[in-house]
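To be precise, the following lines are query24.txt, and they hold compact mmCIF, C-alpha atoms and all ligand atoms.
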```
# COMPACT_ATOMS: atom_id res chain seq x y z
CA MET A 1377 145.11 116.66 -94.87
CA ILE A 1378 146.94 116.20 -91.58
CA ALA A 1379 144.58 118.61 -89.85
CA ARG A 1380 141.59 116.75 -91.21
CA ASN A 1381 143.02 113.44 -90.00
CA LEU A 1382 143.67 114.90 -86.58
CA ALA A 1383 140.09 116.14 -86.42
CA ALA A 1384 138.82 112.71 -87.37
CA LEU A 1385 141.06 111.15 -84.74
CA ALA A 1386 139.78 113.52 -82.10
CA LEU A 1387 136.19 112.66 -83.00
CA TRP A 1388 136.96 108.96 -82.88
CA ALA A 1389 138.71 109.31 -79.51
CA SER A 1390 135.78 111.20 -78.07
CA LEU A 1391 133.22 108.52 -78.94
CA PRO A 1392 134.00 106.15 -76.06
CA LEU A 1393 133.62 109.04 -73.61
CA ILE A 1394 130.20 109.89 -75.01
CA ALA A 1395 129.19 106.25 -74.82
CA CYS A 1396 130.51 105.54 -71.32
CA ALA A 1397 127.12 105.99 -69.68
CA GLN A 1398 125.70 103.01 -71.59
CA ALA A 1399 128.75 100.73 -71.57
CA PRO A 1400 127.61 97.15 -71.15
CA GLU A 1401 128.53 95.04 -68.17
CA ILE A 1402 131.14 92.34 -68.85
CA ILE A 1403 130.14 89.11 -67.16
CA ARG A 1404 132.29 86.05 -66.64
CA PRO A 1405 129.95 83.11 -66.15
CA GLU A 1406 130.37 80.38 -63.56
CA ILE A 1407 130.58 76.81 -64.83
CA VAL A 1408 127.90 74.70 -63.16
CA ALA A 1409 128.52 71.45 -65.03
CA THR A 1410 130.34 70.06 -68.05
CA TYR A 1411 129.07 67.43 -70.47
CA PRO A 1412 130.55 65.68 -73.51
CA HIS A 1413 129.75 67.20 -76.91
CA ASP A 1414 130.31 65.71 -80.37
CA ALA A 1415 133.64 67.20 -81.44
CA ASN A 1416 132.61 66.71 -85.08
CA ALA A 1417 129.47 68.83 -84.71
CA PHE A 1418 129.77 72.19 -86.46
CA THR A 1419 127.20 73.66 -84.09
CA GLN A 1420 124.88 76.24 -85.63
CA GLY A 1421 121.75 75.92 -83.51
CA LEU A 1422 121.06 74.72 -79.98
CA PHE A 1423 117.93 74.58 -77.85
CA ILE A 1424 116.34 72.54 -75.08
CA HIS A 1425 112.87 71.04 -75.05
CA ASP A 1426 111.50 68.89 -72.21
CA GLY A 1427 115.04 68.25 -71.00
CA ASP A 1428 116.23 67.03 -74.41
CA LEU A 1429 118.97 68.89 -76.24
CA PHE A 1430 118.41 69.66 -79.91
CA GLU A 1431 121.20 70.78 -82.20
CA SER A 1432 121.53 71.77 -85.85
CA THR A 1433 124.90 71.55 -87.56
CA GLY A 1434 126.49 73.07 -90.63
CA GLN A 1435 128.98 72.38 -93.43
CA VAL A 1436 127.84 71.07 -96.81
CA GLY A 1437 127.49 67.30 -96.59
CA GLN A 1438 127.67 67.29 -92.78
CA SER A 1439 124.60 69.34 -91.96
CA THR A 1440 122.14 67.68 -89.61
CA LEU A 1441 119.32 68.21 -87.20
CA ARG A 1442 119.83 66.03 -84.14
CA ARG A 1443 118.50 65.19 -80.71
CA VAL A 1444 121.28 64.69 -78.21
CA ALA A 1445 121.34 63.13 -74.75
CA LEU A 1446 122.50 65.96 -72.53
CA GLU A 1447 124.36 63.81 -69.98
CA THR A 1448 126.31 61.68 -72.49
CA GLY A 1449 126.46 63.87 -75.58
CA LEU A 1450 125.34 60.89 -77.65
CA VAL A 1451 123.26 61.59 -80.75
CA GLU A 1452 119.99 59.75 -80.25
CA GLN A 1453 118.16 60.89 -83.38
CA SER A 1454 119.42 62.65 -86.48
CA VAL A 1455 118.41 63.65 -89.97
CA ALA A 1456 120.94 64.60 -92.63
CA ILE A 1457 120.44 67.77 -94.67
CA ALA A 1458 121.52 66.95 -98.22
CA PRO A 1459 124.01 69.05 -100.20
CA PRO A 1460 124.21 71.77 -101.30
CA ILE A 1461 122.48 72.96 -98.12
CA PHE A 1462 124.68 74.38 -95.35
CA GLY A 1463 122.65 74.02 -92.14
CA GLU A 1464 122.26 76.92 -89.75
CA GLY A 1465 120.17 77.88 -86.71
CA SER A 1466 117.09 76.11 -85.42
CA ALA A 1467 114.18 76.72 -83.06
CA ARG A 1468 111.12 74.83 -81.92
CA ILE A 1469 107.50 75.95 -81.94
CA GLY A 1470 105.02 73.40 -80.63
CA ASP A 1471 105.56 70.12 -82.42
CA GLU A 1472 107.67 71.59 -85.20
CA ILE A 1473 111.32 72.50 -85.57
CA PHE A 1474 112.30 75.33 -87.90
CA MET A 1475 115.81 75.29 -89.38
CA LEU A 1476 117.69 77.79 -91.55
CA SER A 1477 120.31 77.38 -94.23
CA TRP A 1478 123.19 79.73 -94.80
CA VAL A 1479 122.98 81.10 -98.35
CA SER A 1480 120.25 78.99 -100.00
CA GLN A 1481 117.50 81.39 -98.82
CA ARG A 1482 115.54 78.32 -97.82
CA GLY A 1483 114.42 77.02 -94.45
CA PHE A 1484 112.91 73.71 -93.41
CA ILE A 1485 110.18 72.66 -91.03
CA PHE A 1486 110.47 69.25 -89.38
CA ASP A 1487 108.11 67.21 -87.28
CA ALA A 1488 109.79 67.47 -83.86
CA ASP A 1489 109.16 63.80 -83.02
CA THR A 1490 109.89 62.01 -86.28
CA PHE A 1491 112.27 64.56 -87.87
CA GLU A 1492 110.32 64.19 -91.11
CA GLN A 1493 110.37 67.34 -93.18
CA VAL A 1494 106.81 68.65 -93.31
CA ASP A 1495 107.32 71.97 -95.07
CA SER A 1496 109.84 74.55 -96.23
CA PHE A 1497 109.95 78.32 -96.51
CA SER A 1498 112.02 81.00 -98.16
CA TYR A 1499 113.51 84.25 -96.96
CA PRO A 1500 115.78 86.87 -98.51
CA GLY A 1501 119.43 87.13 -97.59
CA GLU A 1502 121.45 84.80 -95.42
CA GLY A 1503 120.33 82.66 -92.48
CA TRP A 1504 122.56 82.35 -89.40
CA GLY A 1505 120.81 82.03 -86.02
CA LEU A 1506 117.21 81.37 -85.04
CA THR A 1507 115.20 81.49 -81.82
CA TYR A 1508 111.56 81.91 -80.72
CA ASP A 1509 110.28 84.51 -78.27
CA GLY A 1510 106.80 83.02 -77.93
CA ASN A 1511 105.37 85.19 -80.71
CA HIS A 1512 107.97 85.51 -83.43
CA LEU A 1513 110.87 83.61 -84.84
CA ILE A 1514 113.96 85.81 -84.54
CA LEU A 1515 116.53 85.45 -87.33
CA SER A 1516 120.12 86.66 -87.52
CA ASP A 1517 122.01 86.90 -90.79
CA GLY A 1518 125.48 88.10 -89.87
CA THR A 1519 124.50 91.76 -89.99
CA PRO A 1520 123.49 93.96 -86.99
CA GLU A 1521 119.83 93.42 -87.93
CA LEU A 1522 117.60 90.88 -86.20
CA ARG A 1523 114.44 90.00 -88.13
CA PHE A 1524 111.22 89.08 -86.33
CA LEU A 1525 109.17 86.70 -88.49
CA ASP A 1526 105.54 85.68 -88.15
CA PRO A 1527 105.81 81.88 -87.79
CA GLU A 1528 102.46 81.34 -89.48
CA THR A 1529 103.41 83.09 -92.70
CA MET A 1530 107.20 83.41 -92.33
CA THR A 1531 106.85 87.04 -93.35
CA LEU A 1532 108.71 89.92 -91.72
CA SER A 1533 106.89 91.49 -88.77
CA HIS A 1534 109.58 93.97 -87.79
CA SER A 1535 113.31 94.19 -87.21
CA ILE A 1536 115.75 95.76 -84.77
CA ASN A 1537 119.31 96.94 -85.18
CA VAL A 1538 121.66 95.77 -82.47
CA THR A 1539 124.05 98.31 -81.00
CA LEU A 1540 126.80 98.28 -78.41
CA ASN A 1541 127.92 101.65 -77.09
CA GLY A 1542 125.85 103.16 -79.89
CA ARG A 1543 127.65 101.27 -82.61
CA PRO A 1544 126.26 98.44 -84.78
CA VAL A 1545 127.14 94.90 -83.73
CA ARG A 1546 127.91 92.75 -86.76
CA ARG A 1547 128.20 88.98 -87.04
CA LEU A 1548 125.31 88.16 -84.71
CA ASN A 1549 125.19 84.39 -84.89
CA GLU A 1550 123.45 81.71 -82.78
CA LEU A 1551 120.55 83.10 -80.79
CA GLU A 1552 118.58 82.23 -77.68
CA TRP A 1553 115.59 83.88 -76.10
CA ILE A 1554 116.37 83.90 -72.36
CA ASP A 1555 113.96 85.40 -69.87
CA GLY A 1556 112.89 88.34 -72.02
CA MET A 1557 116.26 89.10 -73.59
CA ILE A 1558 118.03 87.85 -76.71
CA TRP A 1559 121.44 86.28 -76.28
CA ALA A 1560 123.65 86.09 -79.38
CA ASN A 1561 127.03 84.60 -80.09
CA ILE A 1562 129.23 86.96 -82.09
CA TRP A 1563 130.95 85.02 -84.84
CA GLU A 1564 134.70 84.62 -84.36
CA THR A 1565 134.66 86.07 -80.89
CA ARG A 1566 134.50 84.62 -77.39
CA SER A 1567 131.58 86.78 -76.42
CA ILE A 1568 127.85 86.47 -76.18
CA VAL A 1569 125.93 89.75 -76.23
CA ARG A 1570 122.68 90.19 -74.31
CA ILE A 1571 120.24 92.29 -76.32
CA ASP A 1572 117.14 94.24 -75.36
CA PRO A 1573 114.53 92.94 -77.85
CA GLU A 1574 112.79 96.34 -78.07
CA SER A 1575 115.72 98.72 -78.49
CA GLY A 1576 118.44 96.41 -79.78
CA VAL A 1577 120.82 97.80 -77.15
CA VAL A 1578 123.41 95.39 -75.73
CA ASP A 1579 123.33 95.62 -71.93
CA ALA A 1580 125.88 92.91 -71.14
CA MET A 1581 128.67 90.90 -72.72
CA ILE A 1582 129.19 87.38 -71.48
CA ASP A 1583 132.85 86.44 -71.78
CA LEU A 1584 133.36 82.75 -72.63
CA SER A 1585 137.18 82.93 -72.71
CA ALA A 1586 137.53 80.56 -69.76
CA LEU A 1587 135.34 77.93 -71.44
CA ILE A 1588 137.30 77.37 -74.65
CA PRO A 1589 138.49 73.76 -74.64
CA PRO A 1590 142.29 73.48 -74.93
CA SER A 1591 141.94 71.02 -77.83
CA VAL A 1592 140.42 73.68 -80.08
CA ALA A 1593 142.29 76.73 -78.80
CA GLY A 1594 143.70 78.65 -81.73
CA ARG A 1595 141.44 77.00 -84.31
CA ARG A 1596 139.73 79.78 -86.21
CA ASP A 1597 136.66 77.70 -87.15
CA ALA A 1598 136.08 76.24 -83.67
CA VAL A 1599 134.34 79.31 -82.31
CA ALA A 1600 131.91 79.62 -79.44
CA ASN A 1601 128.45 79.02 -80.90
CA GLY A 1602 125.36 77.51 -79.35
CA ILE A 1603 123.15 78.73 -76.52
CA ALA A 1604 120.21 76.83 -75.02
CA TRP A 1605 117.85 77.87 -72.23
CA ASN A 1606 115.64 75.56 -70.23
CA ALA A 1607 112.75 77.92 -69.54
CA GLU A 1608 111.33 75.57 -66.89
CA THR A 1609 114.48 75.29 -64.77
CA GLY A 1610 116.34 78.44 -65.79
CA GLN A 1611 119.41 76.40 -66.76
CA ILE A 1612 121.62 77.82 -69.54
CA TYR A 1613 123.91 75.74 -71.74
CA VAL A 1614 126.62 76.86 -74.17
CA THR A 1615 129.05 75.15 -76.50
CA GLY A 1616 131.01 75.82 -79.68
CA LYS A 1617 131.62 74.51 -83.17
CA LEU A 1618 133.71 71.32 -82.90
CA TRP A 1619 133.99 71.71 -79.12
CA PRO A 1620 134.26 68.42 -77.18
CA THR A 1621 132.48 70.03 -74.24
CA LEU A 1622 129.09 71.55 -73.53
CA TYR A 1623 128.76 73.68 -70.42
CA GLU A 1624 125.96 74.59 -68.10
CA ILE A 1625 126.71 78.12 -66.99
CA ARG A 1626 125.31 80.56 -64.46
CA LEU A 1627 125.75 84.30 -64.31
CA PRO A 1628 127.07 85.56 -60.98
CA GLU A 1629 124.84 87.96 -59.07
CA SER A 1630 127.52 90.60 -59.25
CA ASN A 1631 130.69 90.55 -61.23
CA PRO A 1632 133.66 92.35 -59.63
CA GLN A 1633 136.14 93.31 -62.32
CA CA B 1701 119.78 78.67 -79.41
```
Take the structure in this file and express it as structure tokens.
Amino acid sequence: MIARNLAALALWASLPLIACAQAPEIIRPEIVATYPHDANAFTQGLFIHDGDLFESTGQVGQSTLRRVALETGLVEQSVAIAPPIFGEGSARIGDEIFMLSWVSQRGFIFDADTFEQVDSFSYPGEGWGLTYDGNHLILSDGTPELRFLDPETMTLSHSINVTLNGRPVRRLNELEWIDGMIWANIWETRSIVRIDPESGVVDAMIDLSALIPPSVAGRRDAVANGIAWNAETGQIYVTGKLWPTLYEIRLPESNPQ
């Protein structure tokens, strides 16, 4: 038994050496600007459209879809999602906003201007994060799998499995399509992973440790979650559940360790 355990240990120890060639870069982002964020918002989805910030929030009885003034953090428009729905990720296509729920296997489609619900859809399993790559909605569900859905039919087109150093990455949460790559918060961590949408390979980890507001430090539920990309300006915004701050960040050209 001891010999077998030693063999297993040796195999385990050898894995990082095998994987060294594809180890992802660790990037510490620069803070460009800080803005107020609703410290009661259990952020599950975040995106930008025409300079407006849109956010979906979770918790049963507190779930909302909202439009937020970026500069002030004030909620300018909101619709409540009635219990028992636990709101999750959201993404915009044209004049519609798609929003997931956690375990109800049901999503909602809202008119992006009026926030009236115009349709709903169903999907198997859980719903966590959502983003749009211009062709497909991309859905995370807490597993290493990302599902690519046809937005016309909400049926599965294909999926990828996300790996880091050759190992599956679980708990993929809020998503954002940024310049041809998928960024994903990892639930209960301070890291965003940057994912190749073809291979699923993580090529970089963005370390948000320096961004965690002191007021939520140590709170297990107040995790980094929420990524938004302004495709027109290239600006990137991040926040977290119950964070009082939203950040515009920029990745340094090079990142000396
Ligand atoms: Ca997002």
May I ask you to write as an mmCIF file with C-alpha atoms, in the coordinates of the input all residues lying at most 12 Å from ligand CA 1701 (chain B), with all atoms listed in the file counted?
```
data_model
loop_
_atom_site.group_PDB
_atom_site.id
_atom_site.type_symbol
_atom_site.label_atom_id
_atom_site.label_comp_id
_atom_site.auth_asym_id
_atom_site.auth_seq_id
_atom_site.Cartn_x
_atom_site.Cartn_y
_atom_site.Cartn_z
ATOM 1 C CA THR A 1419 127.200 73.660 -84.090
ATOM 2 C CA GLN A 1420 124.880 76.240 -85.630
ATOM 3 C CA GLY A 1421 121.750 75.920 -83.510
ATOM 4 C CA LEU A 1422 121.060 74.720 -79.980
ATOM 5 C CA PHE A 1423 117.930 74.580 -77.850
ATOM 6 C CA ILE A 1424 116.340 72.540 -75.080
ATOM 7 C CA HIS A 1425 112.870 71.040 -75.050
ATOM 8 C CA LEU A 1429 118.970 68.890 -76.240
ATOM 9 C CA PHE A 1430 118.410 69.660 -79.910
ATOM 10 C CA GLU A 1431 121.200 70.780 -82.200
ATOM 11 C CA SER A 1432 121.530 71.770 -85.850
ATOM 12 C CA THR A 1433 124.900 71.550 -87.560
ATOM 13 C CA GLU A 1464 122.260 76.920 -89.750
ATOM 14 C CA GLY A 1465 120.170 77.880 -86.710
ATOM 15 C CA SER A 1466 117.090 76.110 -85.420
ATOM 16 C CA ALA A 1467 114.180 76.720 -83.060
ATOM 17 C CA ARG A 1468 111.120 74.830 -81.920
ATOM 18 C CA PHE A 1474 112.300 75.330 -87.900
ATOM 19 C CA MET A 1475 115.810 75.290 -89.380
ATOM 20 C CA TRP A 1504 122.560 82.350 -89.400
ATOM 21 C CA GLY A 1505 120.810 82.030 -86.020
ATOM 22 C CA LEU A 1506 117.210 81.370 -85.040
ATOM 23 C CA THR A 1507 115.200 81.490 -81.820
ATOM 24 C CA TYR A 1508 111.560 81.910 -80.720
ATOM 25 C CA ASP A 1509 110.280 84.510 -78.270
ATOM 26 C CA LEU A 1513 110.870 83.610 -84.840
ATOM 27 C CA ILE A 1514 113.960 85.810 -84.540
ATOM 28 C CA LEU A 1515 116.530 85.450 -87.330
ATOM 29 C CA SER A 1516 120.120 86.660 -87.520
ATOM 30 C CA ASN A 1549 125.190 84.390 -84.890
ATOM 31 C CA GLU A 1550 123.450 81.710 -82.780
ATOM 32 C CA LEU A 1551 120.550 83.100 -80.790
ATOM 33 C CA GLU A 1552 118.580 82.230 -77.680
ATOM 34 C CA TRP A 1553 115.590 83.880 -76.100
ATOM 35 C CA ILE A 1554 116.370 83.900 -72.360
ATOM 36 C CA ILE A 1558 118.030 87.850 -76.710
ATOM 37 C CA TRP A 1559 121.440 86.280 -76.280
ATOM 38 C CA ALA A 1560 123.650 86.090 -79.380
ATOM 39 C CA ASN A 1561 127.030 84.600 -80.090
ATOM 40 C CA ILE A 1568 127.850 86.470 -76.180
ATOM 41 C CA ASN A 1601 128.450 79.020 -80.900
ATOM 42 C CA GLY A 1602 125.360 77.510 -79.350
ATOM 43 C CA ILE A 1603 123.150 78.730 -76.520
ATOM 44 C CA ALA A 1604 120.210 76.830 -75.020
ATOM 45 C CA TRP A 1605 117.850 77.870 -72.230
ATOM 46 C CA ASN A 1606 115.640 75.560 -70.230
ATOM 47 C CA ILE A 1612 121.620 77.820 -69.540
ATOM 48 C CA TYR A 1613 123.910 75.740 -71.740
ATOM 49 C CA VAL A 1614 126.620 76.860 -74.170
ATOM 50 C CA THR A 1615 129.050 75.150 -76.500
ATOM 51 C CA GLY A 1616 131.010 75.820 -79.680
#
```
Q | Radius query 9 Å about (113.4, 74.3, -93.1), atoms used: only C-alpha atoms, as number ranges by chain | A | A: 1466, 1473-1477, 1482-1486, 1493-1498
Q) For Ala1458 in chain A, which residue out of A:Gln1438, A:Ala1399, A:Gly1470, A:Gln1481 is the nearest one, using all atoms listed in the file? A) A:Gln1438
Q: List the neighbours of Val1599 in chain A out to 8 Å using all atoms listed in the file; skip same-chain residues closer than 3 positions along the sequence, and give me the result as a list in words.
A: Trp1563, Glu1564, Thr1565, Arg1566, Arg1595, Arg1596, Gly1616 and Lys1617 of chain A
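CA of Leu1584 in chain A is found 23.6 Å from CA of Asn1537 in chain A.
For Leu1627 in chain A, the non-local neighbours within 9 Å, defined as residues at least 5 positions apart in the same chain or in other chains and counting all atoms listed in the file, are Ile1403, Arg1404, Pro1405, Glu1406, Ile1407 and Ile1582 of chain A.
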Q. Which value, in Å to one decimal, gives the distance between CA of Ala1586 in chain A and CA of Thr1448 in chain A?
A. 22.1 Å
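Using all atoms listed in the file for every distance, the candidate list A:Gln1611, A:Ser1585, A:Thr1440, A:Ser1535 yields A:Ser1535 as the residue closest to Thr1519 in chain A.
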